$ cat coords_13.cif   # mmCIF, C-alpha atoms and all ligand atoms
data_work
#
loop_
_atom_site.label_atom_id
_atom_site.label_comp_id
_atom_site.auth_asym_id
_atom_site.auth_seq_id
_atom_site.Cartn_x
_atom_site.Cartn_y
_atom_site.Cartn_z
CA MET A 1 -133.60 98.89 119.91
CA VAL A 2 -137.19 98.21 118.93
CA GLY A 3 -138.55 101.06 121.07
CA LEU A 4 -135.86 103.46 119.89
CA ALA A 5 -136.39 102.58 116.22
CA ALA A 6 -140.09 103.25 116.75
CA ALA A 7 -139.49 106.57 118.51
CA TRP A 8 -137.20 107.68 115.68
CA ALA A 9 -139.76 106.69 113.04
CA LEU A 10 -142.66 108.32 114.92
CA SER A 11 -140.73 111.56 115.36
CA ASP A 12 -139.95 111.49 111.64
CA ALA A 13 -143.67 111.17 110.94
CA GLY A 14 -144.34 114.37 112.89
CA LEU A 15 -145.48 112.80 116.19
CA ARG A 16 -143.88 113.70 119.54
CA PRO A 17 -142.87 110.48 121.30
CA ARG A 18 -141.14 110.26 124.69
CA VAL A 19 -138.90 107.29 125.46
CA VAL A 20 -138.93 105.81 128.97
CA ASP A 21 -135.75 103.82 129.42
CA PRO A 22 -133.90 102.53 132.49
CA GLY A 23 -130.63 103.12 130.59
CA GLU A 24 -128.95 99.84 131.54
CA ILE A 25 -127.35 99.01 128.23
CA THR A 26 -125.98 95.54 128.93
CA ASP A 27 -129.40 94.28 130.04
CA ARG A 28 -130.77 94.55 126.55
CA ALA A 29 -131.17 91.74 124.04
CA THR A 30 -130.06 94.27 121.46
CA TRP A 31 -126.66 94.55 123.15
CA ALA A 32 -126.37 90.75 123.47
CA ALA A 33 -127.36 89.88 119.90
CA GLY A 34 -125.20 88.71 117.02
CA GLY A 35 -126.52 91.25 114.53
CA MET A 36 -127.36 88.79 111.75
CA LEU A 37 -129.81 89.95 109.11
CA ALA A 38 -130.94 86.66 107.68
CA PRO A 39 -134.58 86.25 106.65
CA MET A 40 -133.89 83.24 104.43
CA GLY A 41 -131.91 81.46 107.13
CA GLU A 42 -134.44 82.08 109.91
CA ALA A 43 -137.73 81.31 108.14
CA ARG A 44 -139.05 77.75 108.10
CA GLU A 45 -141.36 78.29 105.14
CA PRO A 46 -143.04 81.08 103.20
CA GLY A 47 -145.43 82.98 105.48
CA PRO A 48 -145.88 86.11 107.57
CA PHE A 49 -142.49 85.85 109.26
CA LEU A 50 -140.56 85.62 105.99
CA HIS A 51 -142.58 88.42 104.47
CA LEU A 52 -141.91 90.74 107.42
CA ALA A 53 -138.25 89.74 107.64
CA LEU A 54 -137.66 90.41 103.94
CA SER A 55 -139.29 93.79 104.29
CA GLY A 56 -136.99 94.42 107.30
CA LEU A 57 -133.94 93.51 105.23
CA GLU A 58 -135.08 95.65 102.30
CA ARG A 59 -135.34 98.65 104.62
CA TYR A 60 -131.88 98.19 106.14
CA PRO A 61 -129.60 100.03 103.65
CA ALA A 62 -131.67 103.23 103.72
CA PHE A 63 -132.25 102.90 107.49
CA VAL A 64 -128.50 102.60 108.09
CA ARG A 65 -127.60 105.43 105.68
CA ARG A 66 -129.95 107.79 107.55
CA LEU A 67 -128.87 106.52 110.94
CA GLU A 68 -125.16 106.93 110.22
CA ALA A 69 -125.75 110.42 108.83
CA ALA A 70 -127.86 111.47 111.83
CA SER A 71 -125.58 109.97 114.49
CA GLY A 72 -122.12 110.12 112.96
CA ILE A 73 -121.64 106.49 114.09
CA GLY A 74 -120.82 103.70 111.61
CA VAL A 75 -122.81 100.52 112.23
CA GLY A 76 -120.93 98.04 110.03
CA LEU A 77 -123.67 96.90 107.65
CA HIS A 78 -122.54 94.02 105.38
CA LEU A 79 -124.94 92.32 103.00
CA ASP A 80 -122.55 89.87 101.35
CA GLY A 81 -124.59 86.77 102.11
CA LYS A 82 -124.85 84.14 104.79
CA LEU A 83 -123.44 80.67 104.17
CA LEU A 84 -125.27 77.70 105.72
CA THR A 85 -123.18 74.52 105.80
CA ALA A 86 -123.78 70.81 106.34
CA THR A 87 -121.40 68.06 107.34
CA ARG A 88 -123.58 65.14 108.50
CA PRO A 89 -125.97 63.26 106.12
CA ASP A 90 -129.04 64.33 108.11
CA ASP A 91 -128.06 67.97 108.01
CA LEU A 92 -127.35 67.72 104.29
CA ARG A 93 -130.92 66.54 103.70
CA LYS A 94 -132.29 69.42 105.76
CA LEU A 95 -130.17 71.91 103.85
CA GLU A 96 -131.39 70.49 100.52
CA ALA A 97 -134.98 70.83 101.72
CA ARG A 98 -134.34 74.49 102.65
CA ARG A 99 -132.74 75.11 99.24
CA ASP A 100 -135.75 73.57 97.51
CA TRP A 101 -138.43 75.64 99.21
CA LEU A 102 -136.42 78.85 98.99
CA LEU A 103 -135.83 78.34 95.25
CA ALA A 104 -139.48 77.39 94.68
CA ASP A 105 -140.51 80.59 96.47
CA GLY A 106 -138.17 82.64 94.23
CA HIS A 107 -135.32 83.57 96.60
CA PRO A 108 -131.70 84.09 95.47
CA VAL A 109 -129.77 81.16 96.93
CA GLU A 110 -126.79 79.26 95.56
CA TRP A 111 -126.05 75.60 96.25
CA MET A 112 -122.39 74.62 96.67
CA ASP A 113 -120.50 71.42 97.20
CA GLY A 114 -117.82 71.36 99.91
CA GLU A 115 -115.06 72.56 97.57
CA ASP A 116 -117.08 75.51 96.31
CA ALA A 117 -117.99 76.43 99.88
CA ARG A 118 -114.29 76.41 100.80
CA ARG A 119 -113.45 78.52 97.73
CA LEU A 120 -115.87 81.11 99.13
CA GLU A 121 -114.70 80.72 102.76
CA PRO A 122 -111.27 79.03 102.67
CA SER A 123 -111.04 78.47 106.43
CA LEU A 124 -114.03 76.10 106.55
CA SER A 125 -113.41 72.59 107.80
CA PRO A 126 -112.59 69.90 105.19
CA HIS A 127 -115.58 67.99 106.64
CA VAL A 128 -118.08 70.51 105.23
CA ARG A 129 -119.92 68.63 102.46
CA ALA A 130 -122.24 71.34 101.15
CA GLY A 131 -123.16 74.99 101.49
CA LEU A 132 -126.16 77.14 100.74
CA LEU A 133 -125.37 80.81 100.13
CA LEU A 134 -128.25 83.13 101.05
CA GLU A 135 -127.53 86.09 98.82
CA GLY A 136 -128.13 89.57 100.21
CA ASN A 137 -128.46 88.38 103.81
CA GLY A 138 -125.80 89.75 106.15
CA ARG A 139 -124.96 91.44 109.43
CA VAL A 140 -124.73 94.69 111.31
CA HIS A 141 -122.78 95.70 114.43
CA ASN A 142 -125.73 95.62 116.83
CA ARG A 143 -124.00 97.39 119.73
CA ASP A 144 -122.94 100.29 117.51
CA LEU A 145 -126.43 100.28 116.02
CA GLN A 146 -127.92 100.71 119.49
CA ARG A 147 -125.52 103.61 120.23
CA ALA A 148 -126.29 105.20 116.86
CA LEU A 149 -130.03 104.94 117.47
CA GLU A 150 -129.70 106.51 120.90
CA THR A 151 -127.78 109.41 119.37
CA ALA A 152 -130.15 109.81 116.41
CA VAL A 153 -133.17 109.79 118.72
CA ALA A 154 -131.58 112.44 120.95
CA VAL A 155 -130.53 114.58 117.97
CA SER A 156 -134.05 114.43 116.55
CA GLY A 157 -135.37 116.02 119.75
CA VAL A 158 -137.22 113.01 121.16
CA ALA A 159 -137.50 113.41 124.94
CA THR A 160 -136.19 110.63 127.19
CA THR A 161 -137.16 109.87 130.78
CA ARG A 162 -134.71 107.70 132.71
CA GLY A 163 -136.77 105.22 134.69
CA ARG A 164 -138.55 101.90 134.70
CA VAL A 165 -142.29 101.66 134.06
CA SER A 166 -144.10 99.67 136.72
CA ALA A 167 -147.70 100.04 135.51
CA LEU A 168 -149.93 101.21 132.72
CA ARG A 169 -152.58 103.73 133.74
CA SER A 170 -155.94 103.55 131.99
CA ARG A 171 -159.52 104.50 132.77
CA GLY A 172 -162.80 103.70 131.03
CA GLY A 173 -161.09 101.81 128.23
CA ARG A 174 -158.60 104.65 127.45
CA VAL A 175 -154.91 104.93 128.21
CA GLU A 176 -153.91 107.79 130.50
CA GLY A 177 -150.16 107.17 130.86
CA VAL A 178 -147.75 105.17 132.97
CA THR A 179 -146.45 104.96 136.54
CA LEU A 180 -142.72 104.55 137.07
CA ARG A 181 -141.15 102.33 139.69
CA ASP A 182 -140.01 105.38 141.70
CA GLY A 183 -143.60 106.62 141.91
CA ARG A 184 -143.48 109.31 139.23
CA THR A 185 -146.34 109.34 136.71
CA LEU A 186 -146.29 110.35 133.06
CA ASP A 187 -149.45 111.31 131.17
CA ALA A 188 -149.86 110.22 127.56
CA PRO A 189 -152.81 109.56 125.24
CA VAL A 190 -150.86 106.71 123.59
CA VAL A 191 -148.48 104.22 125.21
CA VAL A 192 -146.37 101.85 123.10
CA LEU A 193 -145.19 98.83 125.09
CA ALA A 194 -141.72 97.92 123.76
CA ALA A 195 -139.92 96.48 126.80
CA GLY A 196 -138.52 93.35 125.13
CA ALA A 197 -138.49 90.24 127.34
CA TRP A 198 -139.81 92.32 130.27
CA SER A 199 -142.97 93.43 128.41
CA GLY A 200 -145.30 90.98 130.18
CA GLY A 201 -144.28 92.20 133.63
CA ILE A 202 -145.88 95.65 133.40
CA GLU A 203 -148.87 95.89 135.75
CA GLY A 204 -152.27 97.17 134.69
CA LEU A 205 -152.26 95.58 131.22
CA PRO A 206 -155.73 94.59 130.06
CA ARG A 207 -154.59 91.06 129.20
CA PRO A 208 -151.76 88.69 130.07
CA LEU A 209 -149.06 89.33 127.48
CA PRO A 210 -147.44 86.03 126.45
CA VAL A 211 -143.88 87.31 126.08
CA ARG A 212 -141.22 85.20 127.78
CA PRO A 213 -137.43 85.44 128.09
CA VAL A 214 -135.43 82.92 126.04
CA LYS A 215 -131.83 82.97 127.19
CA GLY A 216 -129.03 82.98 124.62
CA GLN A 217 -125.36 82.56 125.49
CA MET A 218 -122.65 83.77 123.14
CA LEU A 219 -118.88 84.29 123.09
CA ALA A 220 -116.25 86.10 121.02
CA ILE A 221 -112.95 84.66 119.84
CA ALA A 222 -110.08 86.98 118.91
CA SER A 223 -109.05 86.21 115.33
CA PRO A 224 -106.22 88.45 114.08
CA ASP A 225 -106.02 86.57 110.76
CA ARG A 226 -109.73 87.21 109.93
CA PRO A 227 -110.76 83.66 108.98
CA LEU A 228 -114.23 84.58 107.66
CA CYS A 229 -115.65 87.16 105.24
CA ARG A 230 -119.31 86.57 106.00
CA VAL A 231 -121.69 84.91 108.45
CA VAL A 232 -121.29 81.13 108.35
CA THR A 233 -123.38 78.56 110.18
CA SER A 234 -123.41 74.86 110.90
CA PRO A 235 -126.43 73.24 112.54
CA ASP A 236 -124.56 73.64 115.86
CA VAL A 237 -123.35 77.26 115.78
CA TYR A 238 -123.28 80.48 113.82
CA LEU A 239 -120.09 82.49 113.34
CA ILE A 240 -120.13 86.22 112.70
CA PRO A 241 -117.05 88.23 111.70
CA ARG A 242 -116.88 91.38 113.83
CA GLU A 243 -114.52 94.38 113.79
CA ALA A 244 -113.96 95.29 117.45
CA PRO A 245 -111.80 98.20 118.69
CA GLU A 246 -109.31 95.59 120.02
CA GLY A 247 -109.08 93.89 116.61
CA PRO A 248 -111.00 91.38 114.50
CA GLN A 249 -113.16 88.83 116.28
CA VAL A 250 -115.49 85.97 115.46
CA LEU A 251 -118.74 85.98 117.45
CA VAL A 252 -120.13 82.53 118.19
CA GLY A 253 -123.80 81.93 118.97
CA ALA A 254 -126.00 80.93 120.44
CA THR A 255 -127.72 78.71 122.96
CA SER A 256 -131.49 78.80 123.35
CA GLU A 257 -132.65 78.16 126.91
CA GLU A 258 -135.92 78.44 128.81
CA ALA A 259 -134.43 79.71 132.06
CA GLY A 260 -136.71 82.55 133.06
CA PHE A 261 -134.84 85.79 133.76
CA ASP A 262 -131.64 83.99 134.77
CA ARG A 263 -128.77 85.43 132.73
CA SER A 264 -125.87 83.45 134.15
CA LEU A 265 -123.19 81.90 131.96
CA GLU A 266 -123.24 78.14 131.98
CA PRO A 267 -120.05 76.10 131.25
CA ARG A 268 -121.71 73.35 129.19
CA GLY A 269 -123.37 75.77 126.79
CA GLN A 270 -120.19 77.80 126.49
CA ALA A 271 -118.09 74.69 125.79
CA ALA A 272 -120.54 73.51 123.11
CA LEU A 273 -120.31 76.88 121.36
CA GLU A 274 -116.51 76.86 121.47
CA ASP A 275 -116.27 73.28 120.19
CA GLY A 276 -118.78 73.99 117.41
CA ALA A 277 -116.82 77.05 116.29
CA ARG A 278 -113.43 75.33 116.28
CA ASP A 279 -114.89 72.31 114.43
CA LEU A 280 -116.39 74.48 111.69
CA VAL A 281 -113.31 76.72 111.35
CA PRO A 282 -110.26 74.73 112.53
CA GLN A 283 -108.09 77.78 111.84
CA LEU A 284 -109.50 79.30 115.04
CA GLY A 285 -107.22 76.74 116.74
CA ASP A 286 -106.66 77.86 120.29
CA ALA A 287 -107.30 81.53 119.62
CA PRO A 288 -108.51 83.00 122.92
CA VAL A 289 -112.09 83.65 123.92
CA VAL A 290 -112.16 87.37 124.74
CA GLU A 291 -115.76 87.83 125.88
CA ARG A 292 -118.67 85.70 127.04
CA TRP A 293 -122.20 86.99 127.58
CA THR A 294 -125.89 86.19 127.68
CA GLY A 295 -129.09 87.94 126.66
CA LEU A 296 -132.84 87.42 126.85
CA ARG A 297 -134.78 87.15 123.61
CA PRO A 298 -138.41 88.26 123.87
CA GLY A 299 -140.18 85.06 122.76
CA THR A 300 -143.88 84.55 121.97
CA PRO A 301 -145.94 81.33 121.66
CA ASP A 302 -145.87 81.42 117.84
CA ASP A 303 -142.43 83.08 117.55
CA LEU A 304 -143.94 86.11 115.78
CA PRO A 305 -143.70 89.68 117.11
CA ILE A 306 -146.68 91.44 118.62
CA VAL A 307 -147.41 94.65 116.74
CA GLY A 308 -150.64 96.60 116.90
CA PRO A 309 -153.25 98.19 119.15
CA ASP A 310 -154.95 96.56 122.09
CA PRO A 311 -158.51 95.71 120.97
CA GLU A 312 -160.05 96.91 124.25
CA VAL A 313 -157.95 99.74 125.67
CA SER A 314 -157.74 102.61 123.26
CA GLY A 315 -154.28 104.20 123.00
CA LEU A 316 -152.36 101.08 124.08
CA TRP A 317 -150.07 99.67 121.38
CA TYR A 318 -147.76 96.67 121.48
CA LEU A 319 -144.37 96.47 119.82
CA THR A 320 -142.66 93.49 121.36
CA GLY A 321 -141.91 89.76 121.08
CA HIS A 322 -139.28 90.08 118.33
CA TYR A 323 -137.64 86.88 119.61
CA ARG A 324 -134.57 85.84 117.55
CA ASN A 325 -134.80 88.60 114.97
CA GLY A 326 -135.41 91.98 116.57
CA ILE A 327 -132.33 93.57 115.00
CA LEU A 328 -133.52 92.50 111.57
CA LEU A 329 -137.20 93.27 112.14
CA ALA A 330 -136.98 96.59 114.02
CA PRO A 331 -137.09 98.94 111.00
CA ALA A 332 -140.05 97.00 109.53
CA THR A 333 -142.08 96.81 112.74
CA ALA A 334 -141.35 100.48 113.52
CA HIS A 335 -142.81 101.22 110.09
CA LEU A 336 -145.92 99.11 110.76
CA LEU A 337 -146.42 100.91 114.07
CA THR A 338 -146.01 104.34 112.47
CA GLU A 339 -148.48 103.49 109.70
CA GLY A 340 -150.92 102.27 112.35
CA LEU A 341 -150.61 105.31 114.59
CA THR A 342 -150.87 107.77 111.72
CA GLY A 343 -153.90 105.98 110.26
CA VAL A 344 -152.20 104.90 107.02
CA ALA A 345 -152.68 101.13 107.49
CA SER A 346 -153.37 98.63 110.26
CA PRO A 347 -150.71 96.06 111.15
CA PRO A 348 -151.44 92.59 109.66
CA ALA A 349 -153.66 90.27 111.76
CA ALA A 350 -150.79 87.75 112.03
CA PHE A 351 -148.93 90.15 114.36
CA ARG A 352 -151.79 91.49 116.45
CA VAL A 353 -152.25 90.58 120.07
CA GLU A 354 -155.82 89.25 119.50
CA ARG A 355 -154.34 86.13 117.92
CA PHE A 356 -153.59 84.80 121.38
CA SER A 357 -157.25 84.85 122.34
CA ASP A 358 -158.27 83.07 119.13
CA PRO A 359 -156.90 79.51 119.03
CA VAL A 360 -157.40 79.30 115.27
CA LEU A 361 -154.95 82.14 114.72
CA VAL A 362 -152.17 80.64 116.87
CA ARG A 363 -150.34 78.42 114.44
CA GLY A 364 -146.99 77.94 112.75
CA SER A 365 -145.19 81.20 112.13
CA GLY A 366 -142.86 80.04 109.41
CA ARG A 367 -139.64 80.66 111.31
CA SER A 368 -137.12 78.17 112.58
C1 LIG A 401 -127.90 85.79 122.12
C2 LIG A 401 -128.83 86.52 121.19
C3 LIG A 401 -128.52 86.58 119.84
C4 LIG A 401 -129.37 87.28 118.97
N1 LIG A 401 -129.03 87.40 117.66
C5 LIG A 401 -129.80 88.12 116.83
C6 LIG A 401 -129.40 88.31 115.48
O1 LIG A 401 -128.34 87.85 115.06
N2 LIG A 401 -130.23 89.03 114.66
C7 LIG A 401 -131.39 89.58 115.12
O2 LIG A 401 -132.11 90.21 114.33
N3 LIG A 401 -131.78 89.41 116.40
C8 LIG A 401 -131.02 88.70 117.26
N4 LIG A 401 -131.40 88.52 118.55
C9 LIG A 401 -132.72 88.99 118.96
C10 LIG A 401 -132.71 90.48 119.25
O3 LIG A 401 -131.61 90.80 120.03
C11 LIG A 401 -134.01 90.89 119.94
O4 LIG A 401 -135.14 90.41 119.25
C12 LIG A 401 -134.11 92.40 120.00
O5 LIG A 401 -132.92 92.95 120.49
C13 LIG A 401 -135.28 92.81 120.87
O6 LIG A 401 -135.23 94.21 121.00
P1 LIG A 401 -136.11 94.92 122.10
O7 LIG A 401 -135.84 96.37 121.99
O8 LIG A 401 -137.52 94.42 122.02
O9 LIG A 401 -135.54 94.32 123.47
P2 LIG A 401 -134.25 94.80 124.29
O10 LIG A 401 -133.11 95.10 123.40
O11 LIG A 401 -134.06 93.78 125.37
O12 LIG A 401 -134.72 96.14 124.91
C14 LIG A 401 -135.77 96.18 125.86
C15 LIG A 401 -135.73 97.56 126.47
O13 LIG A 401 -136.82 97.69 127.35
C16 LIG A 401 -136.32 98.26 128.54
N5 LIG A 401 -137.21 97.92 129.65
C17 LIG A 401 -137.40 96.71 130.24
N6 LIG A 401 -138.31 96.81 131.20
C18 LIG A 401 -138.71 98.10 131.22
C19 LIG A 401 -139.65 98.82 132.00
N7 LIG A 401 -140.34 98.24 132.97
N8 LIG A 401 -139.79 100.15 131.77
C20 LIG A 401 -139.08 100.76 130.78
N9 LIG A 401 -138.20 100.11 129.99
C21 LIG A 401 -138.02 98.81 130.23
C22 LIG A 401 -134.92 97.66 128.69
O14 LIG A 401 -134.13 98.42 129.60
C23 LIG A 401 -134.45 97.79 127.26
O15 LIG A 401 -133.94 99.07 126.97
C24 LIG A 401 -130.55 87.87 119.46
C25 LIG A 401 -130.85 87.82 120.82
C26 LIG A 401 -130.00 87.16 121.67
C27 LIG A 401 -130.30 87.15 123.16
#

$ encode --input "coords_13.cif" --output "structure tokens" --more "lines below"
Ligand SMILES: Cc1cc2nc3c(=O)[nH]c(=O)nc-3n(C[C@H](O)[C@H](O)[C@H](O)COP(=O)(O)OP(=O)(O)OC[C@H]3O[C@@H](n4cnc5c(N)ncnc54)[C@H](O)[C@@H]3O)c2cc1C
Amino acid sequence: MVGLAAAWALSDAGLRPRVVDPGEITDRATWAAGGMLAPMGEAREPGPFLHLALSGLERYPAFVRRLEAASGIGVGLHLDGKLLTATRPDDLRKLEARRDWLLADGHPVEWMDGEDARRLEPSLSPHVRAGLLLEGNGRVHNRDLQRALETAVAVSGVATTRGRVSALRSRGGRVEGVTLRDGRTLDAPVVVLAAGAWSGGIEGLPRPLPVRPVKGQMLAIASPDRPLCRVVTSPDVYLIPREAPEGPQVLVGATSEEAGFDRSLEPRGQAALEDGARDLVPQLGDAPVVERWTGLRPGTPDDLPIVGPDPEVSGLWYLTGHYRNGILLAPATAHLLTEGLTGVASPPAAFRVERFSDPVLVRGSGRS
């Protein structure tokens, strides 16, 4: 999604991008994601991540309006809040701490006791002791969003090459284009590397790119009686209401595993997700699991995305490492890239690749 959002934004700004894409939809983190848009739930503290994530959220309504108009595909944007819950004393203290820093930093959050939380979401377990409503956070149907972006990009006249890039081509400190795995070459004065978890595997890069796959398992439970109105989390799981063609579902996520490029389902992780979901919303009872899947988040050492030009090879730009929040961040990072490439403004230092060669700059990102 990140590359497509960028191509759409660049084409809008009058540039003529070409997308190189293998076209294997279910490989993508964007397909595997939950579609939450939750800056205040993901950030650990005020800082560059929260700032970028809030700007991503702010862009979403207009981004979706334009996308739906251009593609004719609805993407199910809901910004009716995300409810964090706590049951155990330890978790309650952590939730209070989050409430305190979010309020001190001026964000719209509402504290609730267990009864208030159940008034908002009646199917929550009687064990829930407190809730924190993150107002204006929400969700989008990420798979429809991906389809809509593909259509909008095609309609806007952006060219697409089906294929997989094997190497960057550069000479004398300037980009010349890319080589594809099947031997074809493409010439280009600018190359934007936006290959998600696979970004570090492209040959010919001027530096090792510290992007690694972080596996996430998820599942979907069929829920004809629609137990939830909004995204709800416990410290163990998050639950996302989803309208699927087969009927209403609750998506349950997600594990976080350092397993390289392995994308297999693993029974223990799946069982933990199921148990966590049925504990938080007992009404799910023995409603059937209708889908199970995994995806690879593009992680970085400080959990922040990499956005900006390479300092040594002119014409090479990075747009990768969106980790747990690429759906949320894509419109904002596409905007940063477009501003950079059109000379309006440079991306902030916190997101530039140089930070990995400067130990002072590699520090806490402010996301959980
Ligand atoms: C289980 C899970 C849950 C998540 N939940 C959320 C959420 O609720 N909210 C949120 O904001 N984010 C979420 N994320 C994170 C989000 O999905 C990612 O950050 C985001 O999708 C990354 O987008 P991307 O375009 O960089 O990567 P991808 O969507 O993985 O796309 C990478 C693209 O690069 C292509 N590619 C790979 N190698 C090459 C090559 N050599 N040449 C050409 N193309 C190549 C791939 O085919 C693909 O099209 C979740 C992720 C996971 C796994």

$ atom_distance --input "coords_13.cif" --atom1 "CA of Gly295 in chain A" --atom2 "CA of Pro309 in chain A"
27.3 Å

$ residues_near_ligand --input "coords_13.cif" --ligand "ligand LIG 401 (chain A)" --cutoff "7 Å" --atoms "all atoms listed in the file" --output "MDAnalysis selection string"
chainID A and resid 1:3 20:25 27:37 163:166 194:199 202 215:218 253:254 294:298 320:329

$ closest_residue --input "coords_13.cif" --among "A:Gly136, A:Pro208, A:Gly47, A:Pro235" --to "Trp101 in chain A" --atoms "only C-alpha atoms"
A:Gly47

$ closest_residue --input "coords_13.cif" --among "A:Val75, A:Leu337, A:Leu316, A:Ala13" --to "His141 in chain A" --atoms "all atoms listed in the file"
A:Val75

$ closest_residue --input "coords_13.cif" --among "A:Ala6, A:Ile221, A:Arg98, A:His107" --to "His51 in chain A" --atoms "only C-alpha atoms"
A:His107

$ closest_residue --input "coords_13.cif" --among "A:Val155, A:Val128, A:Pro267, A:Val290" --to "Arg88 in chain A" --atoms "all atoms listed in the file"
A:Val128

$ closest_residue --input "coords_13.cif" --among "A:Gly138, A:Gly315, A:Gly308, A:Pro224" --to "Ala334 in chain A" --atoms "all atoms listed in the file"
A:Gly308

$ atom_distance --input "coords_13.cif" --atom1 "CA of Val191 in chain A" --atom2 "CA of Thr160 in chain A"
14.0 Å

$ closest_residue --input "coords_13.cif" --among "A:Asn137, A:Ser234, A:Ser264, A:Ser223" --to "Tyr60 in chain A" --atoms "only C-alpha atoms"
A:Asn137

$ atom_distance --input "coords_13.cif" --atom1 "CA of Val252 in chain A" --atom2 "CA of Val211 in chain A"
25.5 Å

$ closest_atom_pairs --input "coords_13.cif" --of "range 31-112 of chain A" --to "range 271-282 of chain A" --cutoff "10 Å" --atoms "only C-alpha atoms" --output "tab-separated table"
residue	atom	partner	partner_atom	distance
A:Thr85	CA	A:Leu280	CA	9.0
A:Ala86	CA	A:Leu280	CA	9.8
A:Thr87	CA	A:Leu280	CA	9.2

$ write_last_selection --input "coords_13.cif" --atoms "C-alpha atoms" --output "PDB file, in the coordinates of the input"
ATOM      1  CA  THR A  85    -123.180  74.520 105.800  1.00  0.00           C
ATOM      2  CA  ALA A  86    -123.780  70.810 106.340  1.00  0.00           C
ATOM      3  CA  THR A  87    -121.400  68.060 107.340  1.00  0.00           C
TER       4      THR A  87
END

$ residues_around --input "coords_13.cif" --residues "Ala188 in chain A" --least-positions-apart "6" --cutoff "8 Å" --atoms "all atoms listed in the file" --output "PyMOL selection string"
chain A and resi 175-178

$ write_last_selection --input "coords_13.cif" --atoms "C-alpha atoms" --output "mmCIF file, in the frame of the given file"
data_model
loop_
_atom_site.group_PDB
_atom_site.id
_atom_site.type_symbol
_atom_site.label_atom_id
_atom_site.label_comp_id
_atom_site.auth_asym_id
_atom_site.auth_seq_id
_atom_site.Cartn_x
_atom_site.Cartn_y
_atom_site.Cartn_z
ATOM 1 C CA VAL A 175 -154.910 104.930 128.210
ATOM 2 C CA GLU A 176 -153.910 107.790 130.500
ATOM 3 C CA GLY A 177 -150.160 107.170 130.860
ATOM 4 C CA VAL A 178 -147.750 105.170 132.970
#

$ residues_around --input "coords_13.cif" --residues "Leu50 in chain A" --least-positions-apart "2" --cutoff "8 Å" --atoms "only C-alpha atoms" --output "list in words"
Pro39, Met40, Ala43, Glu45, Pro46, Gly47, Pro48, Leu52, Ala53, Leu54, Gly366 and Arg367 of chain A

$ build_atoms --input "coords_13.cif" --residues "range 245-256 of chain A" --atoms "N, CA and C atoms" --output "short mmCIF file (atom, residue, chain, number, x, y, z; two decimals), keeping the file's coordinate frame"
data_model
loop_
_atom_site.label_atom_id
_atom_site.label_comp_id
_atom_site.auth_asym_id
_atom_site.auth_seq_id
_atom_site.Cartn_x
_atom_site.Cartn_y
_atom_site.Cartn_z
N PRO A 245 -112.90 97.25 118.51
CA PRO A 245 -111.80 98.20 118.69
C PRO A 245 -110.48 97.49 118.99
N GLU A 246 -110.55 96.32 119.67
CA GLU A 246 -109.31 95.59 120.02
C GLU A 246 -108.79 94.76 118.86
N GLY A 247 -109.53 94.68 117.76
CA GLY A 247 -109.08 93.89 116.61
C GLY A 247 -110.20 92.97 116.14
N PRO A 248 -109.95 92.24 115.04
CA PRO A 248 -111.00 91.38 114.50
C PRO A 248 -111.38 90.24 115.45
N GLN A 249 -112.65 89.92 115.45
CA GLN A 249 -113.16 88.83 116.28
C GLN A 249 -114.12 87.98 115.46
N VAL A 250 -114.39 86.77 115.97
CA VAL A 250 -115.49 85.97 115.46
C VAL A 250 -116.47 85.76 116.61
N LEU A 251 -117.72 86.22 116.43
CA LEU A 251 -118.74 85.98 117.45
C LEU A 251 -119.32 84.59 117.22
N VAL A 252 -119.60 83.89 118.29
CA VAL A 252 -120.13 82.53 118.19
C VAL A 252 -121.45 82.47 118.97
N GLY A 253 -122.50 82.02 118.29
CA GLY A 253 -123.80 81.93 118.97
C GLY A 253 -124.52 80.69 118.54
N ALA A 254 -125.55 80.48 119.13
CA ALA A 254 -126.00 80.93 120.44
C ALA A 254 -126.82 79.79 121.02
N THR A 255 -126.84 79.70 122.35
CA THR A 255 -127.72 78.71 122.96
C THR A 255 -129.15 79.25 122.98
N SER A 256 -130.09 78.39 123.23
CA SER A 256 -131.49 78.80 123.35
C SER A 256 -132.07 78.07 124.55
#
